[in-house]
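> Input file: work39.pdb. Contents: PDB, C-alpha atoms.
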```pdb
ATOM      1  CA  GLU A   1      82.847  86.492  68.462
ATOM      2  CA  ALA A   2      84.985  85.816  71.534
ATOM      3  CA  GLN A   3      87.609  83.276  70.627
ATOM      4  CA  VAL A   4      91.135  81.942  70.833
ATOM      5  CA  THR A   5      92.675  81.541  67.396
ATOM      6  CA  GLN A   6      95.564  79.201  66.718
ATOM      7  CA  ASN A   7      97.511  78.842  63.507
ATOM      8  CA  PRO A   8      98.278  76.657  61.748
ATOM      9  CA  ARG A   9      95.769  73.844  62.428
ATOM     10  CA  TYR A  10      98.064  71.231  60.916
ATOM     11  CA  LEU A  11     101.808  71.311  60.397
ATOM     12  CA  ILE A  12     104.303  68.733  59.171
ATOM     13  CA  THR A  13     107.932  69.747  59.492
ATOM     14  CA  VAL A  14     111.406  68.266  59.574
ATOM     15  CA  THR A  15     113.692  67.834  62.536
ATOM     16  CA  GLY A  16     115.612  70.986  63.386
ATOM     17  CA  LYS A  17     113.594  73.461  61.336
ATOM     18  CA  LYS A  18     112.458  76.312  63.572
ATOM     19  CA  LEU A  19     108.734  76.907  63.713
ATOM     20  CA  THR A  20     106.225  79.148  65.459
ATOM     21  CA  VAL A  21     102.633  78.351  66.364
ATOM     22  CA  THR A  22     100.611  81.496  66.865
ATOM     23  CA  CYS A  23      97.862  82.073  69.424
ATOM     24  CA  SER A  24      95.688  85.141  69.617
ATOM     25  CA  GLN A  25      92.674  85.980  71.807
ATOM     26  CA  ASN A  26      90.204  88.819  71.440
ATOM     27  CA  MET A  27      88.763  88.760  74.975
ATOM     28  CA  ASN A  28      91.351  90.966  76.684
ATOM     29  CA  HIS A  29      92.339  88.009  78.867
ATOM     30  CA  GLU A  30      95.384  88.423  81.061
ATOM     31  CA  TYR A  31      96.163  84.720  81.365
ATOM     32  CA  MET A  32      97.329  82.580  78.441
ATOM     33  CA  SER A  33      98.801  79.111  78.346
ATOM     34  CA  TRP A  34     100.078  76.356  76.074
ATOM     35  CA  TYR A  35      99.336  72.641  76.489
ATOM     36  CA  ARG A  36     100.315  69.555  74.616
ATOM     37  CA  GLN A  37      98.039  66.538  74.470
ATOM     38  CA  ASP A  38      99.355  63.024  73.932
ATOM     39  CA  PRO A  39      97.402  59.739  74.169
ATOM     40  CA  GLY A  40      97.125  58.547  77.760
ATOM     41  CA  LEU A  41      98.930  61.595  79.165
ATOM     42  CA  GLY A  42      96.111  64.126  79.201
ATOM     43  CA  LEU A  43      96.819  67.851  78.942
ATOM     44  CA  ARG A  44     100.331  68.778  79.957
ATOM     45  CA  GLN A  45     101.197  72.416  80.433
ATOM     46  CA  ILE A  46     104.201  73.775  78.555
ATOM     47  CA  TYR A  47     104.311  77.472  79.500
ATOM     48  CA  TYR A  48     101.887  80.018  80.841
ATOM     49  CA  SER A  49     101.693  83.775  81.143
ATOM     50  CA  MET A  50      99.834  85.729  83.797
ATOM     51  CA  ASN A  51     100.251  89.026  81.961
ATOM     52  CA  VAL A  52     102.330  90.914  79.407
ATOM     53  CA  GLU A  53     106.066  90.245  79.768
ATOM     54  CA  VAL A  54     105.410  87.612  82.475
ATOM     55  CA  THR A  55     105.935  83.949  81.537
ATOM     56  CA  ASP A  56     106.462  80.815  83.614
ATOM     57  CA  LYS A  57     107.391  77.232  82.915
ATOM     58  CA  GLY A  58     104.766  74.543  83.117
ATOM     59  CA  ASP A  59     105.338  70.827  83.510
ATOM     60  CA  VAL A  60     107.052  70.147  80.163
ATOM     61  CA  PRO A  61     108.887  73.311  78.997
ATOM     62  CA  GLU A  62     111.999  71.669  77.530
ATOM     63  CA  GLY A  63     112.445  72.398  73.830
ATOM     64  CA  TYR A  64     109.908  75.249  73.769
ATOM     65  CA  LYS A  65     110.028  79.026  74.051
ATOM     66  CA  VAL A  66     107.267  81.597  74.424
ATOM     67  CA  SER A  67     106.932  85.348  74.510
ATOM     68  CA  ARG A  68     104.194  87.718  75.651
ATOM     69  CA  LYS A  69     104.883  91.122  74.176
ATOM     70  CA  GLU A  70     101.231  92.015  73.769
ATOM     71  CA  LYS A  71      98.196  90.966  75.779
ATOM     72  CA  ARG A  72      96.407  89.290  72.877
ATOM     73  CA  ASN A  73      99.269  87.152  71.479
ATOM     74  CA  PHE A  74     101.196  84.250  72.962
ATOM     75  CA  PRO A  75     103.268  82.437  70.320
ATOM     76  CA  LEU A  76     104.874  79.047  70.926
ATOM     77  CA  ILE A  77     108.325  78.675  69.408
ATOM     78  CA  LEU A  78     110.142  75.432  68.703
ATOM     79  CA  GLU A  79     113.723  76.423  67.936
ATOM     80  CA  SER A  80     114.861  72.942  66.876
ATOM     81  CA  PRO A  81     111.897  70.569  66.711
ATOM     82  CA  SER A  82     112.425  66.882  67.343
ATOM     83  CA  PRO A  83     110.126  63.898  66.653
ATOM     84  CA  ASN A  84     109.195  63.651  70.356
ATOM     85  CA  GLN A  85     107.482  67.020  69.983
ATOM     86  CA  THR A  86     104.957  65.482  67.602
ATOM     87  CA  SER A  87     101.715  66.188  69.419
ATOM     88  CA  LEU A  88      98.428  68.071  69.514
ATOM     89  CA  TYR A  89      98.916  71.559  70.932
ATOM     90  CA  PHE A  90      96.287  73.778  72.536
ATOM     91  CA  CYS A  91      96.428  77.404  73.518
ATOM     92  CA  ALA A  92      94.088  78.572  76.287
ATOM     93  CA  SER A  93      93.183  81.867  77.902
ATOM     94  CA  SER A  94      91.176  83.229  80.825
ATOM     95  CA  TYR A  95      90.641  86.572  82.537
ATOM     96  CA  ALA A  96      91.723  85.307  85.955
ATOM     97  CA  GLY A  97      94.259  82.517  85.705
ATOM     98  CA  GLY A  98      92.935  79.203  86.958
ATOM     99  CA  ALA A  99      90.184  80.790  89.049
ATOM    100  CA  VAL A 100      87.760  80.709  86.140
ATOM    101  CA  GLY A 101      87.197  78.445  83.162
ATOM    102  CA  TYR A 102      89.631  78.468  80.276
ATOM    103  CA  THR A 103      88.755  79.093  76.634
ATOM    104  CA  PHE A 104      90.770  76.800  74.379
ATOM    105  CA  GLY A 105      91.862  77.340  70.811
ATOM    106  CA  SER A 106      91.041  74.799  68.099
ATOM    107  CA  GLY A 107      94.380  73.053  68.398
ATOM    108  CA  THR A 108      97.451  72.553  66.212
ATOM    109  CA  ARG A 109      98.446  69.064  65.177
ATOM    110  CA  LEU A 110     102.203  69.058  64.730
ATOM    111  CA  THR A 111     104.170  66.243  63.136
ATOM    112  CA  VAL A 112     107.972  66.354  63.200
ATOM    113  CA  VAL A 113     109.673  63.867  60.881
TER
ATOM    114  CA  GLY B   1     101.841  71.343  94.574
ATOM    115  CA  GLU B   2      98.319  70.272  93.679
ATOM    116  CA  ASN B   3      97.813  66.790  92.204
ATOM    117  CA  VAL B   4      94.577  65.613  90.576
ATOM    118  CA  GLU B   5      93.792  61.939  90.049
ATOM    119  CA  GLN B   6      90.922  60.972  87.732
ATOM    120  CA  HIS B   7      89.140  57.603  87.462
ATOM    121  CA  PRO B   8      88.298  55.627  85.487
ATOM    122  CA  SER B   9      90.446  56.246  82.441
ATOM    123  CA  THR B  10      87.827  54.631  80.198
ATOM    124  CA  LEU B  11      84.126  54.105  80.767
ATOM    125  CA  SER B  12      81.506  52.420  78.596
ATOM    126  CA  VAL B  13      77.805  52.711  79.330
ATOM    127  CA  GLN B  14      74.609  51.780  77.559
ATOM    128  CA  GLU B  15      72.551  54.619  76.175
ATOM    129  CA  GLY B  16      70.125  55.824  78.818
ATOM    130  CA  ASP B  17      72.268  54.685  81.744
ATOM    131  CA  SER B  18      74.136  57.013  84.088
ATOM    132  CA  ALA B  19      77.867  57.693  84.038
ATOM    133  CA  VAL B  20      80.013  58.824  86.964
ATOM    134  CA  ILE B  21      83.584  60.102  86.750
ATOM    135  CA  LYS B  22      85.538  60.738  89.943
ATOM    136  CA  CYS B  23      88.474  62.991  90.749
ATOM    137  CA  THR B  24      90.525  63.453  93.890
ATOM    138  CA  TYR B  25      92.764  66.392  94.691
ATOM    139  CA  SER B  26      95.581  66.828  97.166
ATOM    140  CA  ASP B  27      95.556  70.520  98.150
ATOM    141  CA  SER B  28      92.768  71.177 100.662
ATOM    142  CA  ALA B  29      92.961  74.898  99.819
ATOM    143  CA  SER B  30      91.841  74.341  96.202
ATOM    144  CA  ASN B  31      88.598  76.202  95.670
ATOM    145  CA  TYR B  32      87.486  75.876  92.039
ATOM    146  CA  PHE B  33      86.754  72.664  90.142
ATOM    147  CA  PRO B  34      85.793  72.796  86.444
ATOM    148  CA  TRP B  35      84.975  69.947  84.087
ATOM    149  CA  TYR B  36      85.809  69.953  80.397
ATOM    150  CA  LYS B  37      84.426  67.856  77.553
ATOM    151  CA  GLN B  38      86.545  67.146  74.498
ATOM    152  CA  GLU B  39      84.808  65.582  71.524
ATOM    153  CA  LEU B  40      86.904  63.722  68.986
ATOM    154  CA  GLY B  41      89.108  66.116  67.028
ATOM    155  CA  LYS B  42      87.860  69.180  68.880
ATOM    156  CA  ARG B  43      89.001  71.510  71.636
ATOM    157  CA  PRO B  44      88.199  70.973  75.334
ATOM    158  CA  GLN B  45      85.144  72.972  76.360
ATOM    159  CA  LEU B  46      83.952  73.889  79.824
ATOM    160  CA  ILE B  47      80.695  72.093  80.617
ATOM    161  CA  ILE B  48      80.188  72.695  84.330
ATOM    162  CA  ASP B  49      82.146  73.953  87.319
ATOM    163  CA  ILE B  50      81.763  74.163  91.084
ATOM    164  CA  ARG B  51      83.338  76.304  93.777
ATOM    165  CA  SER B  52      84.286  75.160  97.245
ATOM    166  CA  ASN B  53      81.386  76.923  98.966
ATOM    167  CA  VAL B  54      78.882  74.706  97.115
ATOM    168  CA  GLY B  55      78.302  70.960  97.527
ATOM    169  CA  GLU B  56      76.414  70.232  94.333
ATOM    170  CA  LYS B  57      75.537  71.907  91.056
ATOM    171  CA  LYS B  58      73.233  70.720  88.273
ATOM    172  CA  ASP B  59      72.730  71.676  84.659
ATOM    173  CA  GLN B  60      70.076  69.569  82.954
ATOM    174  CA  ARG B  61      71.510  66.008  82.689
ATOM    175  CA  ILE B  62      74.895  66.961  84.162
ATOM    176  CA  ALA B  63      75.724  67.417  87.833
ATOM    177  CA  VAL B  64      78.890  67.853  89.831
ATOM    178  CA  THR B  65      79.304  67.047  93.518
ATOM    179  CA  LEU B  66      82.096  68.146  95.818
ATOM    180  CA  ASN B  67      83.197  66.554  99.084
ATOM    181  CA  LYS B  68      85.768  68.900 100.639
ATOM    182  CA  THR B  69      86.426  66.651 103.616
ATOM    183  CA  ALA B  70      87.379  63.721 101.434
ATOM    184  CA  LYS B  71      88.907  65.999  98.777
ATOM    185  CA  HIS B  72      87.047  64.507  95.880
ATOM    186  CA  PHE B  73      84.553  65.689  93.291
ATOM    187  CA  SER B  74      82.519  63.815  90.722
ATOM    188  CA  LEU B  75      80.750  64.370  87.416
ATOM    189  CA  HIS B  76      77.387  62.674  86.998
ATOM    190  CA  ILE B  77      75.700  62.334  83.623
ATOM    191  CA  THR B  78      72.183  60.918  83.611
ATOM    192  CA  GLU B  79      70.216  59.463  80.687
ATOM    193  CA  THR B  80      73.366  59.254  78.603
ATOM    194  CA  GLN B  81      73.137  59.782  74.852
ATOM    195  CA  PRO B  82      75.590  58.925  72.048
ATOM    196  CA  GLU B  83      76.591  62.599  71.809
ATOM    197  CA  ASP B  84      77.904  62.373  75.377
ATOM    198  CA  SER B  85      80.730  60.188  74.029
ATOM    199  CA  ALA B  86      83.923  62.208  74.539
ATOM    200  CA  VAL B  87      86.955  62.612  76.766
ATOM    201  CA  TYR B  88      86.174  64.387  80.027
ATOM    202  CA  PHE B  89      88.798  66.245  82.075
ATOM    203  CA  CYS B  90      88.467  67.410  85.657
ATOM    204  CA  ALA B  91      90.649  70.165  87.078
ATOM    205  CA  ALA B  92      91.375  71.879  90.377
ATOM    206  CA  PHE B  93      92.551  75.399  91.154
ATOM    207  CA  PRO B  94      94.862  75.863  94.134
ATOM    208  CA  PRO B  95      94.805  79.438  95.471
ATOM    209  CA  GLY B  96      97.451  81.888  94.402
ATOM    210  CA  ASN B  97      98.691  83.009  91.031
ATOM    211  CA  THR B  98      98.669  79.508  89.559
ATOM    212  CA  PRO B  99      97.128  77.639  86.639
ATOM    213  CA  LEU B 100      94.503  74.911  86.773
ATOM    214  CA  VAL B 101      95.779  71.396  87.441
ATOM    215  CA  PHE B 102      94.124  68.844  85.168
ATOM    216  CA  GLY B 103      93.353  65.171  85.625
ATOM    217  CA  LYS B 104      94.464  62.792  82.873
ATOM    218  CA  GLY B 105      90.998  62.418  81.390
ATOM    219  CA  THR B 106      88.258  59.790  81.062
ATOM    220  CA  ARG B 107      87.172  58.457  77.695
ATOM    221  CA  LEU B 108      83.402  57.904  77.898
ATOM    222  CA  SER B 109      81.721  55.759  75.276
ATOM    223  CA  VAL B 110      77.929  55.631  75.144
ATOM    224  CA  ILE B 111      76.754  52.530  73.316
ATOM    225  CA  ALA B 112      73.479  52.841  71.436
TER
END
```
Take the structure in the file and write it out as structure tokens.


Amino acid sequence: EAQVTQNPRYLITVTGKKLTVTCSQNMNHEYMSWYRQDPGLGLRQIYYSMNVEVTDKGDVPEGYKVSRKEKRNFPLILESPSPNQTSLYFCASSYAGGAVGYTFGSGTRLTVV
Amino acid sequence: GENVEQHPSTLSVQEGDSAVIKCTYSDSASNYFPWYKQELGKRPQLIIDIRSNVGEKKDQRIAVTLNKTAKHFSLHITETQPEDSAVYFCAAFPPGNTPLVFGKGTRLSVIA
């Protein structure tokens, strides 16, 4: 089944403890992206990647890192999480950037205390 | 860069009535306009899209219209049902190697 898989689905962590949210797609998509969703603010893009080894900042990249070493994986790294990074995170992928519809992962609800 | 405005932010309709959500975009070169539906606790899912060479597209009770001159596009849902209750996002794609630009979403509530 074609899908975008995110892990974990839920995560509670403490301020400053490094964490990684994984994202993997099995559709051979070139484009992958991370969004955070907060009430009233819609979907805000954190980082995106047009292909392997190519990443770009989105609208809210501060406090996040990404890497794209393989086509299928696009992990989101929070080196020193803070409470303002408590949010719902979505990974998305497509075969042609924004020119076609995105497939979203199931989401990761992160709480930083 | 592209900017997408979406209205209203919340919308309540009676079951069986129609619902209309409107979006405007700023970049006249944008050429692809998808709509996503996000049910409570779930991921956004593509429900319909339209490209700039088409003025209207329908899929059963859902339709999207595009007015390139005015730079706005709308989602129309007819004969609304409780399962249509969700947050709806519009988006626009400006040409080039760029991501979609999303509106802030509309929370639609269908009252039985």

> Compile the contact shell of region 34-43 of chain A as a PyMOL selection string: residues with an atom at most 10 Å away, counting all atoms listed in the file, same-chain residues fewer than 6 positions apart removed.

(chain A and resi 23+49+58-61+66+74-76+85-93+104-105+107-109) or (chain B and resi 9+44+87-89+101-107)

> Evaluate the PyMOL selection byres ((chain B) within 8 of (chain A)) here and jot the selected residues down as a PyMOL selection string.

chain B and resi 32+34+42-46+49+93+97-100+102-105

> What residues come out when you apply the PyMOL selection byres ((chain B and resi 20) around 12) to this file, written as a ChimeraX atom specification?

/B:6-13,17-19,21-23,61-65,73-80,88,106-108

> Considering only C-alpha atoms, can you say which of A:Thr55, A:Ser24, A:Ser94, A:Thr111 comes closest to Arg72 (chain A)?

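For Arg72 (chain A), the nearest of the given residues is A:Ser24.
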
> Would you give the centre and edge lengths, in Å to one decimal, of a box along x, y and z around the listed atoms of region 87-92 of chain A, with 3 Å added to each side, as JSON?


```
{"center_x": 97.9, "center_y": 72.4, "center_z": 72.9, "size_x": 13.6, "size_y": 18.4, "size_z": 12.9}
```

> Rounded to one decimal in Å, what is the spacing between CA of Lys68 (chain B) and CA of Glu2 (chain B)?

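Between CA of Lys68 (chain B) and CA of Glu2 (chain B) the gap works out to 14.4 Å.
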
> Translate the PyMOL selection byres ((chain B and resi 52) around 7) into a concrete residue list for this structure, as a list in words.

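Taken over the shown coordinates, the PyMOL selection byres ((chain B and resi 52) around 7) returns Asn31, Tyr32, Ile50, Arg51, Asn53 and Val54 of chain B.
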
> Rounded to one decimal in Å, what is the spacing between CA of Ile111 (chain B) and CA of Pro82 (chain B)?

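That distance, rounded to one decimal, is 6.6 Å.
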
> Skip Pro83 (chain A) itself and residues of its chain fewer than 5 positions away, then list as a VMD selection string all residues within 7 Å of it, counting only C-alpha atoms.

chain A and resid 15 112 to 113

> Can you work out the spacing between CA of Lys71 (chain B) and CA of Asp27 (chain B) in Å, to one decimal?

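CA of Lys71 (chain B) sits 8.1 Å away from CA of Asp27 (chain B).
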